$ cat entry_29.pdb   # PDB, C-alpha atoms, pLDDT in the B column
MODEL        1
ATOM      1  CA  MET A   1      45.375  51.892 -11.559  1.00 79.00           C
ATOM      2  CA  ILE A   2      45.878  48.568  -9.779  1.00 86.00           C
ATOM      3  CA  PRO A   3      42.597  46.696  -9.280  1.00 88.00           C
ATOM      4  CA  LEU A   4      41.683  45.937  -5.678  1.00 92.00           C
ATOM      5  CA  HIS A   5      38.593  45.085  -3.696  1.00 91.00           C
ATOM      6  CA  PRO A   6      37.874  44.809   0.026  1.00 93.00           C
ATOM      7  CA  GLN A   7      37.050  41.532   1.714  1.00 90.00           C
ATOM      8  CA  ARG A   8      35.601  41.363   5.224  1.00 88.00           C
ATOM      9  CA  VAL A   9      37.359  39.299   7.870  1.00 81.00           C
ATOM     10  CA  PRO A  10      34.771  37.263   9.799  1.00 81.00           C
ATOM     11  CA  GLY A  11      34.620  38.238  13.466  1.00 81.00           C
ATOM     12  CA  ARG A  12      36.868  41.271  12.983  1.00 85.00           C
ATOM     13  CA  PRO A  13      34.738  44.253  11.945  1.00 91.00           C
ATOM     14  CA  GLY A  14      37.636  46.735  12.062  1.00 92.00           C
ATOM     15  CA  GLN A  15      39.763  44.695   9.689  1.00 92.00           C
ATOM     16  CA  LEU A  16      39.632  44.448   5.884  1.00 93.00           C
ATOM     17  CA  ARG A  17      41.690  42.396   3.459  1.00 89.00           C
ATOM     18  CA  TRP A  18      42.198  44.388   0.257  1.00 93.00           C
ATOM     19  CA  ILE A  19      42.635  41.781  -2.487  1.00 90.00           C
ATOM     20  CA  ILE A  20      45.325  42.737  -5.014  1.00 91.00           C
ATOM     21  CA  PRO A  21      46.768  40.902  -8.026  1.00 88.00           C
ATOM     22  CA  ALA A  22      49.664  38.563  -7.267  1.00 80.00           C
ATOM     23  CA  GLY A  23      52.973  40.253  -8.063  1.00 82.00           C
ATOM     24  CA  THR A  24      51.705  43.754  -7.253  1.00 87.00           C
ATOM     25  CA  LEU A  25      54.354  44.142  -4.531  1.00 85.00           C
ATOM     26  CA  PRO A  26      57.339  42.225  -5.932  1.00 80.00           C
ATOM     27  CA  GLY A  27      60.008  41.379  -3.382  1.00 75.00           C
ATOM     28  CA  VAL A  28      57.795  42.276  -0.420  1.00 79.00           C
ATOM     29  CA  PRO A  29      57.361  39.200   1.804  1.00 75.00           C
ATOM     30  CA  ALA A  30      54.210  38.551   3.800  1.00 75.00           C
ATOM     31  CA  GLY A  31      54.043  40.038   7.272  1.00 76.00           C
ATOM     32  CA  PRO A  32      53.386  43.136   9.362  1.00 81.00           C
ATOM     33  CA  LEU A  33      54.832  46.350   7.966  1.00 83.00           C
ATOM     34  CA  ALA A  34      57.492  48.517   9.539  1.00 85.00           C
ATOM     35  CA  ALA A  35      57.103  51.223   6.878  1.00 90.00           C
ATOM     36  CA  VAL A  36      54.616  52.058   4.135  1.00 92.00           C
ATOM     37  CA  PRO A  37      54.496  54.708   1.397  1.00 93.00           C
ATOM     38  CA  GLY A  38      53.389  58.231   2.354  1.00 92.00           C
ATOM     39  CA  PRO A  39      49.636  58.024   1.710  1.00 91.00           C
ATOM     40  CA  LEU A  40      49.229  55.029   4.032  1.00 93.00           C
ATOM     41  CA  ALA A  41      51.797  56.367   6.514  1.00 94.00           C
ATOM     42  CA  ALA A  42      49.590  59.445   6.915  1.00 95.00           C
ATOM     43  CA  LEU A  43      46.619  57.234   7.852  1.00 96.00           C
ATOM     44  CA  LEU A  44      48.754  55.440  10.427  1.00 94.00           C
ATOM     45  CA  GLY A  45      49.978  58.803  11.706  1.00 94.00           C
ATOM     46  CA  ASP A  46      46.505  60.222  12.280  1.00 96.00           C
ATOM     47  CA  ALA A  47      45.275  56.907  13.808  1.00 95.00           C
ATOM     48  CA  THR A  48      42.797  56.208  11.008  1.00 96.00           C
ATOM     49  CA  LEU A  49      44.624  52.896  10.702  1.00 96.00           C
ATOM     50  CA  GLU A  50      46.109  51.018  13.624  1.00 94.00           C
ATOM     51  CA  ARG A  51      48.051  48.395  11.681  1.00 91.00           C
ATOM     52  CA  ILE A  52      48.847  47.249   8.147  1.00 91.00           C
ATOM     53  CA  ALA A  53      50.190  43.889   6.998  1.00 87.00           C
ATOM     54  CA  VAL A  54      50.771  42.355   3.596  1.00 86.00           C
ATOM     55  CA  GLU A  55      50.058  38.922   2.130  1.00 81.00           C
ATOM     56  CA  THR A  56      50.884  37.607  -1.332  1.00 75.00           C
ATOM     57  CA  THR A  57      47.571  38.757  -2.776  1.00 83.00           C
ATOM     58  CA  ALA A  58      46.202  41.098  -0.112  1.00 86.00           C
ATOM     59  CA  VAL A  59      46.896  44.075   2.095  1.00 91.00           C
ATOM     60  CA  ILE A  60      45.346  43.792   5.539  1.00 90.00           C
ATOM     61  CA  THR A  61      44.233  47.027   7.189  1.00 94.00           C
ATOM     62  CA  VAL A  62      43.021  47.429  10.753  1.00 93.00           C
ATOM     63  CA  LEU A  63      41.076  50.564  11.656  1.00 96.00           C
ATOM     64  CA  GLY A  64      42.090  52.690  14.608  1.00 94.00           C
ATOM     65  CA  ALA A  65      39.929  52.857  17.723  1.00 94.00           C
ATOM     66  CA  GLY A  66      36.607  54.614  17.215  1.00 94.00           C
ATOM     67  CA  ARG A  67      36.866  54.534  13.403  1.00 95.00           C
ATOM     68  CA  ASP A  68      34.266  53.069  11.052  1.00 94.00           C
ATOM     69  CA  TRP A  69      34.648  51.717   7.515  1.00 95.00           C
ATOM     70  CA  ARG A  70      31.606  53.695   6.315  1.00 95.00           C
ATOM     71  CA  ASP A  71      33.447  56.906   7.200  1.00 96.00           C
ATOM     72  CA  GLU A  72      37.032  55.906   6.402  1.00 96.00           C
ATOM     73  CA  GLY A  73      36.740  53.321   3.617  1.00 94.00           C
ATOM     74  CA  ALA A  74      37.087  55.735   0.699  1.00 95.00           C
ATOM     75  CA  ARG A  75      40.155  57.434   2.257  1.00 95.00           C
ATOM     76  CA  VAL A  76      41.816  54.092   2.918  1.00 96.00           C
ATOM     77  CA  ARG A  77      41.080  52.861  -0.621  1.00 95.00           C
ATOM     78  CA  SER A  78      42.514  56.054  -2.167  1.00 95.00           C
ATOM     79  CA  ALA A  79      45.635  55.912   0.004  1.00 95.00           C
ATOM     80  CA  LEU A  80      46.101  52.237  -0.794  1.00 95.00           C
ATOM     81  CA  HIS A  81      45.796  52.858  -4.554  1.00 93.00           C
ATOM     82  CA  ALA A  82      48.450  55.575  -4.326  1.00 93.00           C
ATOM     83  CA  ALA A  83      50.745  53.463  -2.110  1.00 93.00           C
ATOM     84  CA  LEU A  84      50.587  50.426  -4.409  1.00 93.00           C
ATOM     85  CA  GLY A  85      52.284  52.564  -7.046  1.00 90.00           C
ATOM     86  CA  ASP A  86      55.404  52.664  -4.818  1.00 89.00           C
ATOM     87  CA  PRO A  87      56.430  49.030  -4.150  1.00 86.00           C
ATOM     88  CA  ALA A  88      59.821  50.116  -2.779  1.00 86.00           C
ATOM     89  CA  GLY A  89      58.121  51.970   0.085  1.00 90.00           C
ATOM     90  CA  TRP A  90      56.714  48.773   1.642  1.00 89.00           C
ATOM     91  CA  VAL A  91      59.028  47.439   4.359  1.00 87.00           C
ATOM     92  CA  VAL A  92      58.064  44.338   6.331  1.00 80.00           C
ATOM     93  CA  GLU A  93      59.127  44.144   9.981  1.00 77.00           C
ATOM     94  CA  ALA A  94      62.345  42.161  10.389  1.00 68.00           C
ATOM     95  CA  ASP A  95      60.777  39.475  12.591  1.00 57.00           C
ATOM     96  CA  ALA A  96      57.437  40.388  14.068  1.00 52.00           C
ATOM     97  CA  ARG A  97      56.695  36.836  15.062  1.00 49.00           C
ATOM     98  CA  VAL A  98      57.899  35.672  18.454  1.00 50.00           C
ATOM     99  CA  GLY A  99      58.289  32.379  20.279  1.00 56.00           C
ATOM    100  CA  ASP A 100      56.857  29.194  18.849  1.00 68.00           C
ATOM    101  CA  ASP A 101      54.958  30.988  16.081  1.00 71.00           C
ATOM    102  CA  ALA A 102      58.263  32.355  14.766  1.00 70.00           C
ATOM    103  CA  SER A 103      59.771  28.873  14.631  1.00 72.00           C
ATOM    104  CA  LEU A 104      56.667  27.428  13.028  1.00 79.00           C
ATOM    105  CA  TYR A 105      56.558  30.257  10.478  1.00 78.00           C
ATOM    106  CA  ARG A 106      60.192  29.635   9.468  1.00 74.00           C
ATOM    107  CA  ALA A 107      59.572  25.882   9.269  1.00 79.00           C
ATOM    108  CA  ALA A 108      56.490  26.384   7.068  1.00 82.00           C
ATOM    109  CA  GLN A 109      58.471  28.740   4.802  1.00 80.00           C
ATOM    110  CA  GLU A 110      61.200  26.113   4.417  1.00 78.00           C
ATOM    111  CA  VAL A 111      58.723  23.331   3.651  1.00 82.00           C
ATOM    112  CA  LEU A 112      56.912  25.450   1.060  1.00 82.00           C
ATOM    113  CA  ALA A 113      60.191  26.584  -0.499  1.00 80.00           C
ATOM    114  CA  GLY A 114      61.333  22.943  -0.677  1.00 81.00           C
ATOM    115  CA  GLU A 115      59.786  19.660  -1.685  1.00 83.00           C
ATOM    116  CA  VAL A 116      56.130  20.447  -0.923  1.00 84.00           C
ATOM    117  CA  GLY A 117      56.177  23.727  -2.834  1.00 83.00           C
ATOM    118  CA  ALA A 118      58.020  22.085  -5.719  1.00 85.00           C
ATOM    119  CA  PHE A 119      55.408  19.317  -5.793  1.00 87.00           C
ATOM    120  CA  ALA A 120      52.549  21.825  -5.999  1.00 86.00           C
ATOM    121  CA  ARG A 121      54.339  23.855  -8.695  1.00 86.00           C
ATOM    122  CA  SER A 122      55.030  20.687 -10.732  1.00 89.00           C
ATOM    123  CA  HIS A 123      51.265  20.291 -11.077  1.00 85.00           C
ATOM    124  CA  GLY A 124      50.622  23.945 -11.980  1.00 89.00           C
ATOM    125  CA  GLY A 125      49.643  25.002  -8.471  1.00 86.00           C
ATOM    126  CA  ASP A 126      51.066  27.002  -5.621  1.00 86.00           C
ATOM    127  CA  ILE A 127      50.731  27.182  -1.858  1.00 87.00           C
ATOM    128  CA  ASP A 128      51.204  30.590  -0.233  1.00 86.00           C
ATOM    129  CA  LEU A 129      51.986  31.002   3.457  1.00 84.00           C
ATOM    130  CA  VAL A 130      49.473  33.536   4.768  1.00 84.00           C
ATOM    131  CA  ASP A 131      50.154  33.569   8.512  1.00 81.00           C
ATOM    132  CA  VAL A 132      51.045  31.634  11.629  1.00 79.00           C
ATOM    133  CA  HIS A 133      49.176  32.547  14.797  1.00 75.00           C
ATOM    134  CA  ASP A 134      48.798  30.605  18.026  1.00 72.00           C
ATOM    135  CA  GLY A 135      50.336  27.511  16.438  1.00 77.00           C
ATOM    136  CA  VAL A 136      47.998  27.498  13.426  1.00 82.00           C
ATOM    137  CA  VAL A 137      49.519  27.752   9.954  1.00 84.00           C
ATOM    138  CA  THR A 138      47.252  29.414   7.399  1.00 85.00           C
ATOM    139  CA  VAL A 139      47.973  28.817   3.714  1.00 86.00           C
ATOM    140  CA  ARG A 140      46.230  29.761   0.480  1.00 87.00           C
ATOM    141  CA  LEU A 141      46.026  27.382  -2.445  1.00 88.00           C
ATOM    142  CA  GLY A 142      46.406  28.905  -5.882  1.00 86.00           C
ATOM    143  CA  GLY A 143      46.690  27.846  -9.494  1.00 88.00           C
ATOM    144  CA  ALA A 144      45.742  24.230 -10.127  1.00 89.00           C
ATOM    145  CA  CYS A 145      45.710  23.530  -6.360  1.00 86.00           C
ATOM    146  CA  HIS A 146      42.680  25.773  -5.843  1.00 84.00           C
ATOM    147  CA  GLY A 147      39.698  23.429  -5.906  1.00 86.00           C
ATOM    148  CA  CYS A 148      41.800  20.335  -6.680  1.00 87.00           C
ATOM    149  CA  PRO A 149      40.379  17.115  -5.201  1.00 88.00           C
ATOM    150  CA  ALA A 150      43.910  16.036  -4.190  1.00 86.00           C
ATOM    151  CA  ALA A 151      44.621  19.278  -2.290  1.00 85.00           C
ATOM    152  CA  TRP A 152      43.600  17.657   1.002  1.00 85.00           C
ATOM    153  CA  PHE A 153      46.219  14.958   0.474  1.00 85.00           C
ATOM    154  CA  THR A 154      48.912  17.518  -0.355  1.00 83.00           C
ATOM    155  CA  LEU A 155      48.102  19.618   2.700  1.00 83.00           C
ATOM    156  CA  HIS A 156      47.725  16.826   5.221  1.00 82.00           C
ATOM    157  CA  ARG A 157      50.100  14.139   3.957  1.00 83.00           C
ATOM    158  CA  ARG A 158      52.875  16.384   2.651  1.00 81.00           C
ATOM    159  CA  LEU A 159      52.729  19.843   4.261  1.00 80.00           C
ATOM    160  CA  GLU A 160      51.663  18.847   7.783  1.00 78.00           C
ATOM    161  CA  ARG A 161      54.000  15.884   7.921  1.00 74.00           C
TER     162      ARG A 161
ENDMDL
END
$ encode --input "entry_29.pdb" --output "structure tokens"
Amino acid sequence: MIPLHPQRVPGRPGQLRWIIPAGTLPGVPAGPLAAVPGPLAALLGDATLERIAVETTAVITVLGAGRDWRDEGARVRSALHAALGDPAGWVVEADARVGDDASLYRAAQEVLAGEVGAFARSHGGDIDLVDVHDGVVTVRLGGACHGCPAAWFTLHRRLER
């Protein structure tokens, strides 16, 4: 069984980030999902879940209207455990981002795939693109970058520039 644990999203009571080990969904890029394996698809079908997205080390679930985590949490966890066993069933939407966020997302991907990402990796770290929303790029620092005193410099002097 793949280990996972829920993490609350501040200010969004109907949303949970289910933290999973990196590499659990190989080949699945971050983003909203167009298709998910059967157990999760059933929860979307009966409106238990409104939306599901994936990050490098998390699956984001948003409850449907009128649902509560106290009542639905165990069902969602069980469905998620079963679905994680089928990595091929996870299909990210072709391009869910629109307008300026789409351009910014692609630019951030290119920067992280290029010199900035290579710099972080050369020091034993990594920078994952989590999301772009309303012109704000959200990244997650991993490896040696997590907690590194020079991370500010890397983010502001290399990534932002």
$ residues_around --input "entry_29.pdb" --residues "Val111 of chain A" --least-positions-apart "5" --cutoff "8 Å" --atoms "all atoms listed in the file" --output "NGL selection string"
:A and (116-117 or 159)
$ resolve_selection --input "entry_29.pdb" --expression "the PyMOL selection byres ((chain A and resi 11-16) around 12)" --output "compact mmCIF listing (two decimals) with C-alpha atoms, in the frame of the given file"
# COMPACT_ATOMS: atom_id res chain seq x y z
CA LEU A 4 41.68 45.94 -5.68
CA HIS A 5 38.59 45.08 -3.70
CA PRO A 6 37.87 44.81 0.03
CA GLN A 7 37.05 41.53 1.71
CA ARG A 8 35.60 41.36 5.22
CA VAL A 9 37.36 39.30 7.87
CA PRO A 10 34.77 37.26 9.80
CA ARG A 17 41.69 42.40 3.46
CA TRP A 18 42.20 44.39 0.26
CA ILE A 19 42.64 41.78 -2.49
CA THR A 48 42.80 56.21 11.01
CA LEU A 49 44.62 52.90 10.70
CA GLU A 50 46.11 51.02 13.62
CA ARG A 51 48.05 48.40 11.68
CA ILE A 52 48.85 47.25 8.15
CA ALA A 53 50.19 43.89 7.00
CA VAL A 54 50.77 42.36 3.60
CA ALA A 58 46.20 41.10 -0.11
CA VAL A 59 46.90 44.08 2.10
CA ILE A 60 45.35 43.79 5.54
CA THR A 61 44.23 47.03 7.19
CA VAL A 62 43.02 47.43 10.75
CA LEU A 63 41.08 50.56 11.66
CA GLY A 64 42.09 52.69 14.61
CA ALA A 65 39.93 52.86 17.72
CA GLY A 66 36.61 54.61 17.22
CA ARG A 67 36.87 54.53 13.40
CA ASP A 68 34.27 53.07 11.05
CA TRP A 69 34.65 51.72 7.52
CA ARG A 70 31.61 53.70 6.32
CA GLU A 72 37.03 55.91 6.40
CA GLY A 73 36.74 53.32 3.62
CA VAL A 76 41.82 54.09 2.92
CA ARG A 77 41.08 52.86 -0.62
$ resolve_selection --input "entry_29.pdb" --expression "the PyMOL selection byres ((chain A and resi 32) around 10)" --output "count of residues only"
20
$ closest_residue --input "entry_29.pdb" --among "A:Gly135, A:Pro3, A:Gly114, A:Gly38" --to "Pro21 of chain A" --atoms "all atoms listed in the file"
A:Pro3
$ atom_distance --input "entry_29.pdb" --atom1 "atom CA of Arg106 of chain A" --atom2 "atom CA of Val139 of chain A"
13.5 Å
$ residues_around --input "entry_29.pdb" --residues "Thr24 of chain A" --least-positions-apart "6" --cutoff "10 Å" --atoms "all atoms listed in the file" --output "list in words"
Ile2, Pro3, Thr56, Thr57, Ala58, Leu84, Gly85, Asp86 and Pro87 of chain A
$ atom_distance --input "entry_29.pdb" --atom1 "atom CA of His133 of chain A" --atom2 "atom CA of Asp101 of chain A"
6.1 Å
$ axis_aligned_box --input "entry_29.pdb" --around "segment 87-90 of chain A" --padding-each-side "8 Å" --output "AutoDock Vina command-line options"
--center_x 58.1 --center_y 50.4 --center_z -1.3 --size_x 19.4 --size_y 19.2 --size_z 21.8
$ atom_distance --input "entry_29.pdb" --atom1 "atom CA of Met1 of chain A" --atom2 "atom CA of Gly142 of chain A"
23.7 Å
$ residues_near_point --input "entry_29.pdb" --point "(51.8, 27.7, -1.5)" --cutoff "9 Å" --atoms "only C-alpha atoms" --output "PDB file with C-alpha atoms, in the frame of the given file"
ATOM      1  CA  LEU A 112      56.912  25.450   1.060  1.00 82.00           C
ATOM      2  CA  ALA A 113      60.191  26.584  -0.499  1.00 80.00           C
ATOM      3  CA  VAL A 116      56.130  20.447  -0.923  1.00 84.00           C
ATOM      4  CA  GLY A 117      56.177  23.727  -2.834  1.00 83.00           C
ATOM      5  CA  ALA A 120      52.549  21.825  -5.999  1.00 86.00           C
ATOM      6  CA  ARG A 121      54.339  23.855  -8.695  1.00 86.00           C
ATOM      7  CA  GLY A 125      49.643  25.002  -8.471  1.00 86.00           C
ATOM      8  CA  ASP A 126      51.066  27.002  -5.621  1.00 86.00           C
ATOM      9  CA  ILE A 127      50.731  27.182  -1.858  1.00 87.00           C
ATOM     10  CA  ASP A 128      51.204  30.590  -0.233  1.00 86.00           C
ATOM     11  CA  LEU A 129      51.986  31.002   3.457  1.00 84.00           C
ATOM     12  CA  VAL A 130      49.473  33.536   4.768  1.00 84.00           C
ATOM     13  CA  VAL A 139      47.973  28.817   3.714  1.00 86.00           C
ATOM     14  CA  ARG A 140      46.230  29.761   0.480  1.00 87.00           C
ATOM     15  CA  LEU A 141      46.026  27.382  -2.445  1.00 88.00           C
ATOM     16  CA  GLY A 142      46.406  28.905  -5.882  1.00 86.00           C
ATOM     17  CA  CYS A 145      45.710  23.530  -6.360  1.00 86.00           C
TER      18      CYS A 145
END
$ residues_around --input "entry_29.pdb" --residues "Pro37 of chain A" --least-positions-apart "6" --cutoff "7 Å" --atoms "only C-alpha atoms" --output "short mmCIF file (atom, residue, chain, number, x, y, z; two decimals) with C-alpha atoms, keeping the file's coordinate frame"
data_model
loop_
_atom_site.label_atom_id
_atom_site.label_comp_id
_atom_site.auth_asym_id
_atom_site.auth_seq_id
_atom_site.Cartn_x
_atom_site.Cartn_y
_atom_site.Cartn_z
CA ALA A 83 50.74 53.46 -2.11
CA ASP A 86 55.40 52.66 -4.82
CA GLY A 89 58.12 51.97 0.08
CA TRP A 90 56.71 48.77 1.64
#
$ closest_residue --input "entry_29.pdb" --among "A:Thr138, A:Asp46, A:Phe153, A:Ala41" --to "Ala108 of chain A" --atoms "all atoms listed in the file"
A:Thr138
$ closest_residue --input "entry_29.pdb" --among "A:Ser122, A:Ala79, A:Ser103, A:Thr154" --to "Asp134 of chain A" --atoms "only C-alpha atoms"
A:Ser103
$ decode --input "entry_29.pdb" --residues "segment 147-160 of chain A" --atoms "N, CA, C and O atoms" --output "mmCIF file, in the first residue's frame"
data_model
loop_
_atom_site.group_PDB
_atom_site.id
_atom_site.type_symbol
_atom_site.label_atom_id
_atom_site.label_comp_id
_atom_site.auth_asym_id
_atom_site.auth_seq_id
_atom_site.Cartn_x
_atom_site.Cartn_y
_atom_site.Cartn_z
ATOM 1 N N GLY A 147 15.041 24.207 2.987
ATOM 2 C CA GLY A 147 15.695 24.709 4.182
ATOM 3 C C GLY A 147 17.076 25.316 3.951
ATOM 4 O O GLY A 147 17.723 25.753 4.888
ATOM 5 N N CYS A 148 17.519 25.366 2.697
ATOM 6 C CA CYS A 148 18.844 25.916 2.390
ATOM 7 C C CYS A 148 18.836 27.436 2.563
ATOM 8 O O CYS A 148 17.930 28.118 2.077
ATOM 9 N N PRO A 149 19.855 27.996 3.221
ATOM 10 C CA PRO A 149 19.913 29.442 3.388
ATOM 11 C C PRO A 149 20.021 30.198 2.065
ATOM 12 O O PRO A 149 19.644 31.355 1.973
ATOM 13 N N ALA A 150 20.539 29.569 1.026
ATOM 14 C CA ALA A 150 20.694 30.229 -0.276
ATOM 15 C C ALA A 150 19.461 30.066 -1.161
ATOM 16 O O ALA A 150 19.441 30.555 -2.290
ATOM 17 N N ALA A 151 18.420 29.404 -0.672
ATOM 18 C CA ALA A 151 17.226 29.175 -1.497
ATOM 19 C C ALA A 151 16.584 30.492 -1.917
ATOM 20 O O ALA A 151 16.105 30.618 -3.044
ATOM 21 N N TRP A 152 16.578 31.481 -1.033
ATOM 22 C CA TRP A 152 16.010 32.783 -1.383
ATOM 23 C C TRP A 152 16.707 33.339 -2.612
ATOM 24 O O TRP A 152 16.079 33.830 -3.539
ATOM 25 N N PHE A 153 18.031 33.282 -2.617
ATOM 26 C CA PHE A 153 18.810 33.791 -3.742
ATOM 27 C C PHE A 153 18.443 33.042 -5.024
ATOM 28 O O PHE A 153 18.222 33.652 -6.071
ATOM 29 N N THR A 154 18.375 31.731 -4.955
ATOM 30 C CA THR A 154 18.029 30.934 -6.135
ATOM 31 C C THR A 154 16.647 31.314 -6.656
ATOM 32 O O THR A 154 16.460 31.504 -7.864
ATOM 33 N N LEU A 155 15.685 31.438 -5.764
ATOM 34 C CA LEU A 155 14.327 31.762 -6.191
ATOM 35 C C LEU A 155 14.223 33.174 -6.767
ATOM 36 O O LEU A 155 13.629 33.380 -7.820
ATOM 37 N N HIS A 156 14.783 34.136 -6.081
ATOM 38 C CA HIS A 156 14.591 35.522 -6.481
ATOM 39 C C HIS A 156 15.585 36.016 -7.533
ATOM 40 O O HIS A 156 15.215 36.803 -8.396
ATOM 41 N N ARG A 157 16.812 35.568 -7.473
ATOM 42 C CA ARG A 157 17.826 36.055 -8.408
ATOM 43 C C ARG A 157 17.941 35.187 -9.673
ATOM 44 O O ARG A 157 18.431 35.662 -10.673
ATOM 45 N N ARG A 158 17.505 33.945 -9.577
ATOM 46 C CA ARG A 158 17.605 33.069 -10.749
ATOM 47 C C ARG A 158 16.225 32.762 -11.355
ATOM 48 O O ARG A 158 15.999 33.004 -12.522
ATOM 49 N N LEU A 159 15.319 32.229 -10.543
ATOM 50 C CA LEU A 159 14.010 31.823 -11.069
ATOM 51 C C LEU A 159 13.172 33.028 -11.503
ATOM 52 O O LEU A 159 12.675 33.081 -12.612
ATOM 53 N N GLU A 160 13.002 34.003 -10.619
ATOM 54 C CA GLU A 160 12.182 35.168 -10.978
ATOM 55 C C GLU A 160 12.773 35.937 -12.149
ATOM 56 O O GLU A 160 12.046 36.403 -13.026
#
